[in-house]
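run13.txt follows (compact mmCIF, C-alpha atoms):
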```txt
# COMPACT_ATOMS: atom_id res chain seq x y z
CA MET A 4 -55.45 -27.20 4.79
CA GLY A 5 -56.48 -27.28 8.47
CA ARG A 6 -55.62 -24.62 11.02
CA LEU A 7 -53.00 -26.87 12.59
CA SER A 8 -51.35 -27.46 9.23
CA VAL A 9 -51.35 -23.73 8.48
CA ALA A 10 -49.86 -22.99 11.88
CA CYS A 11 -47.14 -25.60 11.35
CA ALA A 12 -46.37 -24.19 7.92
CA LEU A 13 -46.10 -20.69 9.35
CA LEU A 14 -43.86 -21.86 12.18
CA CYS A 15 -41.73 -23.84 9.74
CA GLY A 16 -41.42 -20.82 7.47
CA LEU A 17 -40.54 -18.61 10.42
CA GLY A 18 -38.00 -21.14 11.65
CA CYS A 19 -36.41 -21.46 8.22
CA GLY A 20 -36.30 -17.69 7.94
CA LEU A 21 -34.52 -17.41 11.28
CA VAL A 22 -32.02 -20.10 10.28
CA LEU A 23 -31.35 -18.44 6.92
CA GLY A 24 -31.06 -15.09 8.65
CA ALA A 25 -28.58 -16.51 11.12
CA VAL A 26 -26.55 -18.04 8.29
CA ALA A 27 -26.56 -14.75 6.39
CA SER A 28 -25.59 -12.87 9.55
CA SER A 29 -22.82 -15.37 10.24
CA ALA A 30 -21.50 -14.99 6.68
CA GLU A 31 -21.62 -11.22 6.98
CA ASP A 32 -19.77 -11.35 10.28
CA ARG A 33 -16.94 -13.23 8.58
CA THR A 34 -16.08 -10.27 6.37
CA ILE A 35 -13.64 -7.54 7.36
CA VAL A 36 -12.70 -4.29 5.65
CA LEU A 37 -9.05 -3.65 4.83
CA ALA A 38 -7.96 -0.10 4.02
CA SER A 39 -4.78 -0.05 1.95
CA THR A 40 -2.88 2.03 -0.56
CA THR A 41 -3.41 1.98 -4.30
CA SER A 42 0.11 0.71 -5.00
CA THR A 43 -0.48 -2.38 -2.85
CA GLN A 44 -3.71 -3.11 -4.68
CA GLU A 45 -2.45 -2.28 -8.18
CA SER A 46 0.65 -4.44 -7.76
CA GLY A 47 -1.63 -7.49 -7.57
CA LEU A 48 -0.37 -8.49 -4.13
CA LEU A 49 -3.76 -8.39 -2.44
CA ASP A 50 -5.36 -10.42 -5.23
CA HIS A 51 -2.68 -13.01 -4.48
CA LEU A 52 -2.88 -12.94 -0.68
CA LEU A 53 -6.54 -12.61 0.16
CA PRO A 54 -7.79 -15.84 -1.47
CA VAL A 55 -5.07 -17.74 0.40
CA PHE A 56 -6.20 -16.14 3.66
CA ARG A 57 -9.86 -16.87 2.93
CA ASP A 58 -9.13 -20.53 2.17
CA LYS A 59 -7.17 -20.81 5.41
CA THR A 60 -9.63 -19.02 7.73
CA GLY A 61 -12.97 -18.62 5.99
CA ILE A 62 -12.71 -14.86 6.46
CA ASP A 63 -13.46 -12.62 3.47
CA VAL A 64 -11.64 -9.32 3.11
CA LYS A 65 -13.14 -6.31 1.37
CA VAL A 66 -10.49 -3.82 0.19
CA ILE A 67 -10.74 -0.04 0.12
CA ALA A 68 -7.71 1.18 -1.87
CA ARG A 69 -6.78 4.86 -1.70
CA ARG A 70 -3.71 7.05 -1.46
CA ALA A 71 -2.05 7.13 1.97
CA ASP A 72 -3.64 10.26 3.41
CA GLU A 73 -7.09 9.12 2.28
CA VAL A 74 -6.53 5.67 3.82
CA LEU A 75 -5.96 7.24 7.23
CA ASP A 76 -8.73 9.83 6.83
CA GLY A 77 -11.23 7.05 6.14
CA ALA A 78 -9.90 4.88 8.94
CA ARG A 79 -10.27 7.76 11.41
CA LYS A 80 -13.98 7.71 10.53
CA GLY A 81 -14.21 4.01 11.36
CA GLU A 82 -14.46 2.79 7.76
CA ALA A 83 -12.07 -0.15 8.22
CA ASP A 84 -11.19 -3.00 10.54
CA VAL A 85 -7.53 -3.18 9.50
CA VAL A 86 -5.09 -0.79 7.78
CA LEU A 87 -2.12 -1.87 5.62
CA MET A 88 0.11 0.87 4.22
CA HIS A 89 3.62 2.24 3.76
CA ALA A 90 3.99 5.61 5.49
CA ARG A 91 5.59 4.77 8.83
CA PRO A 92 5.64 8.21 10.49
CA GLN A 93 1.93 8.68 9.77
CA GLU A 94 1.22 5.11 10.91
CA GLU A 95 3.01 5.60 14.22
CA LYS A 96 1.09 8.81 14.88
CA PHE A 97 -2.15 7.01 13.99
CA VAL A 98 -1.42 4.43 16.70
CA ALA A 99 -0.27 7.08 19.21
CA ASP A 100 -3.53 8.95 18.68
CA GLY A 101 -5.45 5.82 19.68
CA PHE A 102 -7.04 4.95 16.34
CA ALA A 103 -5.26 1.59 16.07
CA VAL A 104 -4.23 -0.96 18.68
CA LYS A 105 -0.65 -1.50 17.48
CA ARG A 106 1.52 -1.37 14.39
CA PHE A 107 3.28 -4.47 13.04
CA ASP A 108 6.00 -4.60 10.38
CA VAL A 109 4.89 -6.91 7.58
CA MET A 110 7.17 -6.57 4.57
CA TYR A 111 9.19 -4.13 2.55
CA SER A 112 9.66 -3.28 -1.08
CA ASP A 113 11.79 -0.49 -2.47
CA TYR A 114 11.65 2.64 -4.53
CA VAL A 115 13.64 3.09 -7.73
CA LEU A 116 14.60 6.19 -9.68
CA ILE A 117 13.43 5.94 -13.27
CA GLY A 118 14.64 8.24 -16.02
CA PRO A 119 15.52 8.66 -19.69
CA LYS A 120 17.96 6.15 -21.11
CA SER A 121 19.97 9.15 -22.32
CA ASP A 122 20.29 10.15 -18.61
CA PRO A 123 20.91 13.91 -19.12
CA ALA A 124 21.74 14.45 -15.42
CA GLY A 125 24.22 11.53 -15.35
CA VAL A 126 22.67 9.77 -12.36
CA LYS A 127 22.86 6.10 -13.38
CA GLY A 128 24.41 4.00 -10.63
CA LYS A 129 24.63 6.90 -8.16
CA ASP A 130 23.15 6.95 -4.67
CA ILE A 131 19.75 8.64 -4.44
CA ALA A 132 20.94 11.86 -2.74
CA THR A 133 23.65 12.43 -5.37
CA ALA A 134 21.17 11.67 -8.13
CA LEU A 135 18.58 14.16 -6.90
CA LYS A 136 21.24 16.85 -6.45
CA ALA A 137 22.37 16.29 -10.05
CA ILE A 138 18.79 16.45 -11.39
CA GLU A 139 18.10 19.72 -9.54
CA ALA A 140 21.44 21.28 -10.59
CA LYS A 141 20.83 20.34 -14.22
CA GLY A 142 17.18 21.38 -14.14
CA ALA A 143 16.40 18.06 -15.81
CA PRO A 144 12.67 17.26 -16.09
CA PHE A 145 11.37 15.46 -13.02
CA VAL A 146 7.82 14.23 -12.47
CA THR A 147 6.40 14.19 -8.96
CA ARG A 148 3.17 12.40 -8.12
CA GLY A 149 2.13 15.44 -6.12
CA ASP A 150 -0.87 13.61 -4.71
CA ARG A 151 -0.03 13.21 -0.99
CA SER A 152 0.43 9.47 -1.44
CA GLY A 153 2.98 7.39 0.45
CA THR A 154 5.26 7.51 -2.59
CA HIS A 155 4.92 11.30 -2.80
CA ALA A 156 5.78 11.59 0.91
CA ALA A 157 8.83 9.37 0.38
CA GLU A 158 9.98 11.52 -2.54
CA LEU A 159 9.68 14.73 -0.51
CA ALA A 160 11.68 13.13 2.30
CA LEU A 161 14.42 12.16 -0.16
CA TRP A 162 14.78 15.76 -1.38
CA ILE A 163 15.42 16.69 2.25
CA VAL A 164 18.02 13.91 2.49
CA ALA A 165 19.66 15.43 -0.58
CA GLY A 166 19.78 18.81 1.16
CA ILE A 167 17.35 20.43 -1.25
CA ASP A 168 14.36 22.58 -0.29
CA ILE A 169 12.20 21.44 -3.16
CA ALA A 170 9.47 24.01 -2.43
CA ALA A 171 12.04 26.76 -3.04
CA ALA A 172 14.09 25.00 -5.73
CA LYS A 173 11.30 23.72 -7.98
CA GLY A 174 10.73 25.36 -11.32
CA ALA A 175 9.44 24.41 -14.74
CA TRP A 176 11.62 21.27 -14.58
CA TYR A 177 9.62 19.93 -11.58
CA ARG A 178 6.31 18.72 -12.99
CA GLU A 179 3.32 17.57 -10.97
CA ALA A 180 1.28 14.62 -12.19
CA GLY A 181 -1.31 14.88 -9.41
CA GLN A 182 -2.36 11.27 -9.98
CA GLY A 183 -1.34 7.69 -9.27
CA MET A 184 1.91 5.92 -10.10
CA GLY A 185 0.82 4.70 -13.51
CA ALA A 186 -0.12 8.22 -14.57
CA ALA A 187 3.16 9.59 -13.20
CA LEU A 188 5.15 7.03 -15.20
CA ASP A 189 3.12 7.88 -18.30
CA THR A 190 3.88 11.57 -17.78
CA ALA A 191 7.58 10.84 -17.32
CA ARG A 192 7.66 8.76 -20.50
CA ALA A 193 5.95 11.51 -22.50
CA ALA A 194 8.23 14.22 -21.06
CA ASN A 195 11.42 12.12 -21.11
CA ALA A 196 11.70 12.89 -17.39
CA TYR A 197 12.93 11.35 -14.16
CA VAL A 198 10.43 9.95 -11.63
CA LEU A 199 10.52 8.07 -8.33
CA SER A 200 8.50 4.85 -8.52
CA ASP A 201 7.84 1.85 -6.36
CA ARG A 202 9.47 -1.17 -7.95
CA GLY A 203 6.21 -3.05 -8.42
CA SER A 204 4.64 -0.27 -10.49
CA TRP A 205 7.77 -0.05 -12.63
CA ILE A 206 7.82 -3.80 -13.27
CA SER A 207 4.14 -3.70 -14.22
CA PHE A 208 4.55 -0.64 -16.47
CA ARG A 209 4.45 -1.87 -20.05
CA GLU A 210 4.76 1.29 -22.17
CA ARG A 211 8.25 2.24 -21.02
CA GLY A 212 9.40 4.00 -24.17
CA ASP A 213 12.86 5.46 -23.54
CA LEU A 214 12.66 5.15 -19.75
CA ASP A 215 15.07 2.97 -17.78
CA LEU A 216 15.80 2.07 -14.15
CA LEU A 217 18.77 4.24 -13.18
CA VAL A 218 19.10 4.21 -9.37
CA GLU A 219 18.31 1.32 -7.02
CA GLY A 220 19.64 -0.47 -3.97
CA ASP A 221 20.21 2.58 -1.75
CA LYS A 222 19.03 1.70 1.77
CA ARG A 223 17.20 5.03 1.86
CA LEU A 224 14.93 3.72 -0.88
CA LEU A 225 13.53 0.99 1.37
CA ASN A 226 9.72 1.05 1.46
CA GLN A 227 8.46 -0.48 4.72
CA TYR A 228 4.86 -1.69 5.09
CA GLY A 229 2.95 -1.93 8.35
CA VAL A 230 -0.41 -3.41 9.35
CA MET A 231 -2.63 -2.02 12.13
CA PRO A 232 -5.83 -3.48 13.62
CA MET A 233 -8.25 -0.69 14.45
CA SER A 234 -9.09 0.13 18.07
CA PRO A 235 -12.36 -1.42 19.30
CA GLU A 236 -12.39 1.12 22.15
CA LYS A 237 -12.60 4.00 19.69
CA PHE A 238 -14.70 2.07 17.16
CA PRO A 239 -17.01 -0.45 18.91
CA SER A 240 -18.22 -1.85 15.57
CA VAL A 241 -14.73 -3.07 14.65
CA LYS A 242 -14.55 -6.85 14.21
CA LYS A 243 -11.73 -7.20 16.68
CA GLU A 244 -11.14 -10.96 16.57
CA LEU A 245 -11.38 -11.27 12.79
CA ALA A 246 -9.15 -8.24 12.26
CA GLN A 247 -6.54 -9.61 14.64
CA GLY A 248 -6.82 -12.95 12.86
CA PHE A 249 -5.84 -11.25 9.61
CA VAL A 250 -2.90 -9.50 11.25
CA ASP A 251 -1.77 -12.71 12.93
CA TRP A 252 -1.87 -14.56 9.61
CA LEU A 253 0.06 -11.83 7.76
CA VAL A 254 2.93 -11.98 10.25
CA SER A 255 2.83 -15.79 10.60
CA PRO A 256 5.19 -18.08 8.66
CA ASP A 257 2.31 -18.95 6.30
CA GLY A 258 1.46 -15.32 5.58
CA GLN A 259 5.09 -14.34 5.20
CA ALA A 260 5.66 -17.22 2.78
CA ALA A 261 2.65 -16.11 0.73
CA ILE A 262 4.08 -12.59 0.51
CA ALA A 263 7.50 -13.89 -0.56
CA GLY A 264 5.88 -16.12 -3.16
CA TYR A 265 4.24 -13.29 -5.06
CA LYS A 266 6.18 -12.44 -8.23
CA VAL A 267 5.61 -10.42 -11.38
CA ASP A 268 7.54 -11.43 -14.49
CA GLY A 269 9.59 -13.72 -12.26
CA GLN A 270 10.62 -10.91 -9.92
CA GLN A 271 9.79 -10.84 -6.22
CA LEU A 272 8.12 -7.53 -5.32
CA TYR A 273 7.78 -7.74 -1.54
CA PHE A 274 10.12 -9.12 1.11
CA PRO A 275 8.63 -10.30 4.42
CA ASN A 276 10.18 -8.96 7.62
CA ALA A 277 7.58 -9.53 10.33
CA GLU A 278 10.23 -10.76 12.74
CA LYS A 279 10.78 -7.07 13.50
CA SER A 280 7.09 -6.61 14.34
CA GLY A 281 5.77 -4.63 17.26
CA GLY A 282 6.28 -0.99 16.33
```

Structure rendered as structure tokens:
Amino acid sequence: MGRLSVACALLCGLGCGLVLGAVASSAEDRTIVLASTTSTQESGLLDHLLPVFRDKTGIDVKVIARRADEVLDGARKGEADVVLMHARPQEEKFVADGFAVKRFDVMYSDYVLIGPKSDPAGVKGKDIATALKAIEAKGAPFVTRGDRSGTHAAELALWIVAGIDIAAAKGAWYREAGQGMGAALDTARAANAYVLSDRGSWISFRERGDLDLLVEGDKRLLNQYGVMPMSPEKFPSVKKELAQGFVDWLVSPDGQAAIAGYKVDGQQLYFPNAEKSGG
């Protein structure tokens, strides 16, 4: 092969390498990181939504699923482009502290009080405050997640609503699982105890034993979800346009319809309410 041919081959190889590198870089740039809670991931919602979003936009979404406090801890270190979770007071502080651009309502689900079918505290059909008061007065076994998750925070807030200082009132009847929702439900089943669960986890829980859904429908059990694009001013590496594209899709009619269309065993788990967005 002559020198000219060798030079052409080298230039061709270099050119192809640059093109391939550009393609790879372009593909990489079309991926964003979403930090979300374990319940959102475990419910199957993200497995339903993200392929629809990818087909619509060509943007891939990598998910980091953790409990609520860990989601925000990681996001404060710049580990995500977007955050989706269900702990509104913490979310609003996160935005106020400048870590995220804005918070948008996306959807809501609800919590339910699960307990033994025998219902030793007599809470079936009661409102949540009355139910918790009855459980505490009876000293009936109650399982708390105890893991600083969004669900754990919601449970602690409900004890306050019931007028109970759970830190002072808890005893042997108040049992800490220290793990996720599935483990807490397992512990409640084994102990024939009450437990607060998100509805999706309860629907997906197969080994129910003698547990039953006893309290639902109280407006104080509403579980609101919000989405927040991270601040490019605080985190220059954030993929601002792609992240905002994901947020825009979630709150659009298409995204809201995809959320509403997700069902488990024929039951809708999440209810879109982005029309209230802009928190």

Inset, instruction - One decimal, Å: what's the distance from atom CA of Val64 of chain A over to atom CA of Ile206 of chain A, could you say? - result: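 Taking atom CA of Val64 of chain A and atom CA of Ile206 of chain A, their separation equals 26.0 Å.
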
Legend entry - Contact residues around segment 264-280 of chain A with all atoms listed in the file at 8 Å, ignoring same-chain residues under 2 positions, as a list in words: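 Close residues of segment 264-280 of chain A: Leu48, His51, Arg106, Phe107, Asp108, Val109, Met110, Tyr111, Ser112, Arg202, Gly203, Ile206, Ser207, Val254, Ser255, Gln259, Ala260, Ala261, Ile262 and Gly282 of chain A.
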
Write the selection just made, keeping C-alpha atoms, as a compact mmCIF listing (two decimals), in the frame of the given file?
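Result written to selection_30.txt:
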```
# COMPACT_ATOMS: atom_id res chain seq x y z
CA LEU A 48 -0.37 -8.49 -4.13
CA HIS A 51 -2.68 -13.01 -4.48
CA ARG A 106 1.52 -1.37 14.39
CA PHE A 107 3.28 -4.47 13.04
CA ASP A 108 6.00 -4.60 10.38
CA VAL A 109 4.89 -6.91 7.58
CA MET A 110 7.17 -6.57 4.57
CA TYR A 111 9.19 -4.13 2.55
CA SER A 112 9.66 -3.28 -1.08
CA ARG A 202 9.47 -1.17 -7.95
CA GLY A 203 6.21 -3.05 -8.42
CA ILE A 206 7.82 -3.80 -13.27
CA SER A 207 4.14 -3.70 -14.22
CA VAL A 254 2.93 -11.98 10.25
CA SER A 255 2.83 -15.79 10.60
CA GLN A 259 5.09 -14.34 5.20
CA ALA A 260 5.66 -17.22 2.78
CA ALA A 261 2.65 -16.11 0.73
CA ILE A 262 4.08 -12.59 0.51
CA GLY A 282 6.28 -0.99 16.33
```

Legend entry - Pick from A:Val85, A:Ala180, A:Val198, A:Val66 nearest to Asp150 of chain A, counting only C-alpha atoms: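 Checking each of A:Val85, A:Ala180, A:Val198, A:Val66 against Asp150 of chain A, counting only C-alpha atoms, the winner is A:Ala180.
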
Legend entry - Sel. within 12 Å of pt (16.8, 17.9, -8.6), counting all atoms listed in the file, output as a PyMOL selection string: chain A and resi 116+123-126+131-147+158-159+161-178+196-199

Size and centre in Å, one decimal, axis-aligned box, all listed segment 170-180 of chain A atoms plus 6 Å per side, as JSON:
```
{"center_x": 7.7, "center_y": 20.7, "center_z": -8.6, "size_x": 24.8, "size_y": 24.1, "size_z": 24.3}
```

Counting only C-alpha atoms, which residues of segment 77-97 of chain A sit at most 10 Å from some atom of segment 231-251 of chain A, and what is each one's closest atom pair with its distance in Å to one decimal, listed by chain and rising residue number, as JSON lines?
```
{"residue": "A:Ala78", "atom": "CA", "partner": "A:Met233", "partner_atom": "CA", "distance": 8.0}
{"residue": "A:Arg79", "atom": "CA", "partner": "A:Met233", "partner_atom": "CA", "distance": 9.2}
{"residue": "A:Lys80", "atom": "CA", "partner": "A:Phe238", "partner_atom": "CA", "distance": 8.7}
{"residue": "A:Gly81", "atom": "CA", "partner": "A:Phe238", "partner_atom": "CA", "distance": 6.1}
{"residue": "A:Glu82", "atom": "CA", "partner": "A:Val241", "partner_atom": "CA", "distance": 9.0}
{"residue": "A:Ala83", "atom": "CA", "partner": "A:Met233", "partner_atom": "CA", "distance": 7.3}
{"residue": "A:Asp84", "atom": "CA", "partner": "A:Met233", "partner_atom": "CA", "distance": 5.4}
{"residue": "A:Val85", "atom": "CA", "partner": "A:Pro232", "partner_atom": "CA", "distance": 4.5}
{"residue": "A:Val86", "atom": "CA", "partner": "A:Met231", "partner_atom": "CA", "distance": 5.1}
{"residue": "A:Leu87", "atom": "CA", "partner": "A:Met231", "partner_atom": "CA", "distance": 6.5}
{"residue": "A:Met88", "atom": "CA", "partner": "A:Met231", "partner_atom": "CA", "distance": 8.9}
{"residue": "A:Glu94", "atom": "CA", "partner": "A:Met231", "partner_atom": "CA", "distance": 8.2}
{"residue": "A:Glu95", "atom": "CA", "partner": "A:Met231", "partner_atom": "CA", "distance": 9.7}
{"residue": "A:Phe97", "atom": "CA", "partner": "A:Met231", "partner_atom": "CA", "distance": 9.2}
```

Legend entry - For Val55 of chain A: contacts at 10 Å, only C-alpha atoms, fewer than 5 positions along chain excluded, given as a ChimeraX atom specification: /A:49-50,60-61,257-258,261

Inset, instruction - In Å, rounded to a single decimal, give me how far atom CA of Asp122 of chain A is from atom CA of Arg192 of chain A. - result: 12.8 Å

Inset, instruction - Provide the atom CA of Ala263 of chain A to atom CA of Ile62 of chain A distance in Å, to one decimal place. - result: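 Rounded to one decimal, the two atoms are 21.4 Å apart.
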
If I only have part of segment 104-116 of chain A, can you fill in N, CA, C and O atoms and write it as a PDB file, keeping the file's coordinate frame?
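See result-v4.pdb below for the written result:
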```
ATOM      1  N   VAL A 104      -4.732  -0.287  17.484  1.00  0.00           N
ATOM      2  CA  VAL A 104      -4.230  -0.960  18.680  1.00  0.00           C
ATOM      3  C   VAL A 104      -2.706  -0.974  18.705  1.00  0.00           C
ATOM      4  O   VAL A 104      -2.067  -0.668  19.711  1.00  0.00           O
ATOM      5  N   LYS A 105      -2.100  -1.318  17.575  1.00  0.00           N
ATOM      6  CA  LYS A 105      -0.650  -1.500  17.480  1.00  0.00           C
ATOM      7  C   LYS A 105      -0.257  -1.553  16.021  1.00  0.00           C
ATOM      8  O   LYS A 105      -1.091  -1.817  15.149  1.00  0.00           O
ATOM      9  N   ARG A 106       1.012  -1.270  15.755  1.00  0.00           N
ATOM     10  CA  ARG A 106       1.520  -1.370  14.390  1.00  0.00           C
ATOM     11  C   ARG A 106       2.513  -2.527  14.309  1.00  0.00           C
ATOM     12  O   ARG A 106       3.373  -2.693  15.183  1.00  0.00           O
ATOM     13  N   PHE A 107       2.396  -3.320  13.247  1.00  0.00           N
ATOM     14  CA  PHE A 107       3.280  -4.470  13.040  1.00  0.00           C
ATOM     15  C   PHE A 107       3.976  -4.331  11.687  1.00  0.00           C
ATOM     16  O   PHE A 107       3.319  -4.095  10.671  1.00  0.00           O
ATOM     17  N   ASP A 108       5.302  -4.476  11.666  1.00  0.00           N
ATOM     18  CA  ASP A 108       6.000  -4.600  10.380  1.00  0.00           C
ATOM     19  C   ASP A 108       5.510  -5.856   9.679  1.00  0.00           C
ATOM     20  O   ASP A 108       5.294  -6.892  10.321  1.00  0.00           O
ATOM     21  N   VAL A 109       5.357  -5.766   8.371  1.00  0.00           N
ATOM     22  CA  VAL A 109       4.890  -6.910   7.580  1.00  0.00           C
ATOM     23  C   VAL A 109       5.895  -7.295   6.510  1.00  0.00           C
ATOM     24  O   VAL A 109       6.277  -8.457   6.372  1.00  0.00           O
ATOM     25  N   MET A 110       6.341  -6.297   5.747  1.00  0.00           N
ATOM     26  CA  MET A 110       7.170  -6.570   4.570  1.00  0.00           C
ATOM     27  C   MET A 110       7.765  -5.258   4.106  1.00  0.00           C
ATOM     28  O   MET A 110       7.411  -4.179   4.591  1.00  0.00           O
ATOM     29  N   TYR A 111       8.681  -5.351   3.170  1.00  0.00           N
ATOM     30  CA  TYR A 111       9.190  -4.130   2.550  1.00  0.00           C
ATOM     31  C   TYR A 111       9.346  -4.372   1.052  1.00  0.00           C
ATOM     32  O   TYR A 111       9.475  -5.502   0.575  1.00  0.00           O
ATOM     33  N   SER A 112       9.273  -3.285   0.331  1.00  0.00           N
ATOM     34  CA  SER A 112       9.660  -3.280  -1.080  1.00  0.00           C
ATOM     35  C   SER A 112      10.672  -2.140  -1.195  1.00  0.00           C
ATOM     36  O   SER A 112      11.256  -1.733  -0.188  1.00  0.00           O
ATOM     37  N   ASP A 113      10.897  -1.631  -2.365  1.00  0.00           N
ATOM     38  CA  ASP A 113      11.790  -0.490  -2.470  1.00  0.00           C
ATOM     39  C   ASP A 113      11.349   0.435  -3.590  1.00  0.00           C
ATOM     40  O   ASP A 113      10.568   0.076  -4.468  1.00  0.00           O
ATOM     41  N   TYR A 114      11.860   1.662  -3.480  1.00  0.00           N
ATOM     42  CA  TYR A 114      11.650   2.640  -4.530  1.00  0.00           C
ATOM     43  C   TYR A 114      12.827   2.594  -5.503  1.00  0.00           C
ATOM     44  O   TYR A 114      13.946   2.180  -5.133  1.00  0.00           O
ATOM     45  N   VAL A 115      12.587   3.010  -6.717  1.00  0.00           N
ATOM     46  CA  VAL A 115      13.640   3.090  -7.730  1.00  0.00           C
ATOM     47  C   VAL A 115      13.497   4.424  -8.452  1.00  0.00           C
ATOM     48  O   VAL A 115      12.393   4.963  -8.574  1.00  0.00           O
ATOM     49  N   LEU A 116      14.634   4.952  -8.898  1.00  0.00           N
ATOM     50  CA  LEU A 116      14.600   6.190  -9.680  1.00  0.00           C
ATOM     51  C   LEU A 116      14.625   5.810 -11.155  1.00  0.00           C
ATOM     52  O   LEU A 116      15.560   5.158 -11.632  1.00  0.00           O
TER      53      LEU A 116
END
```
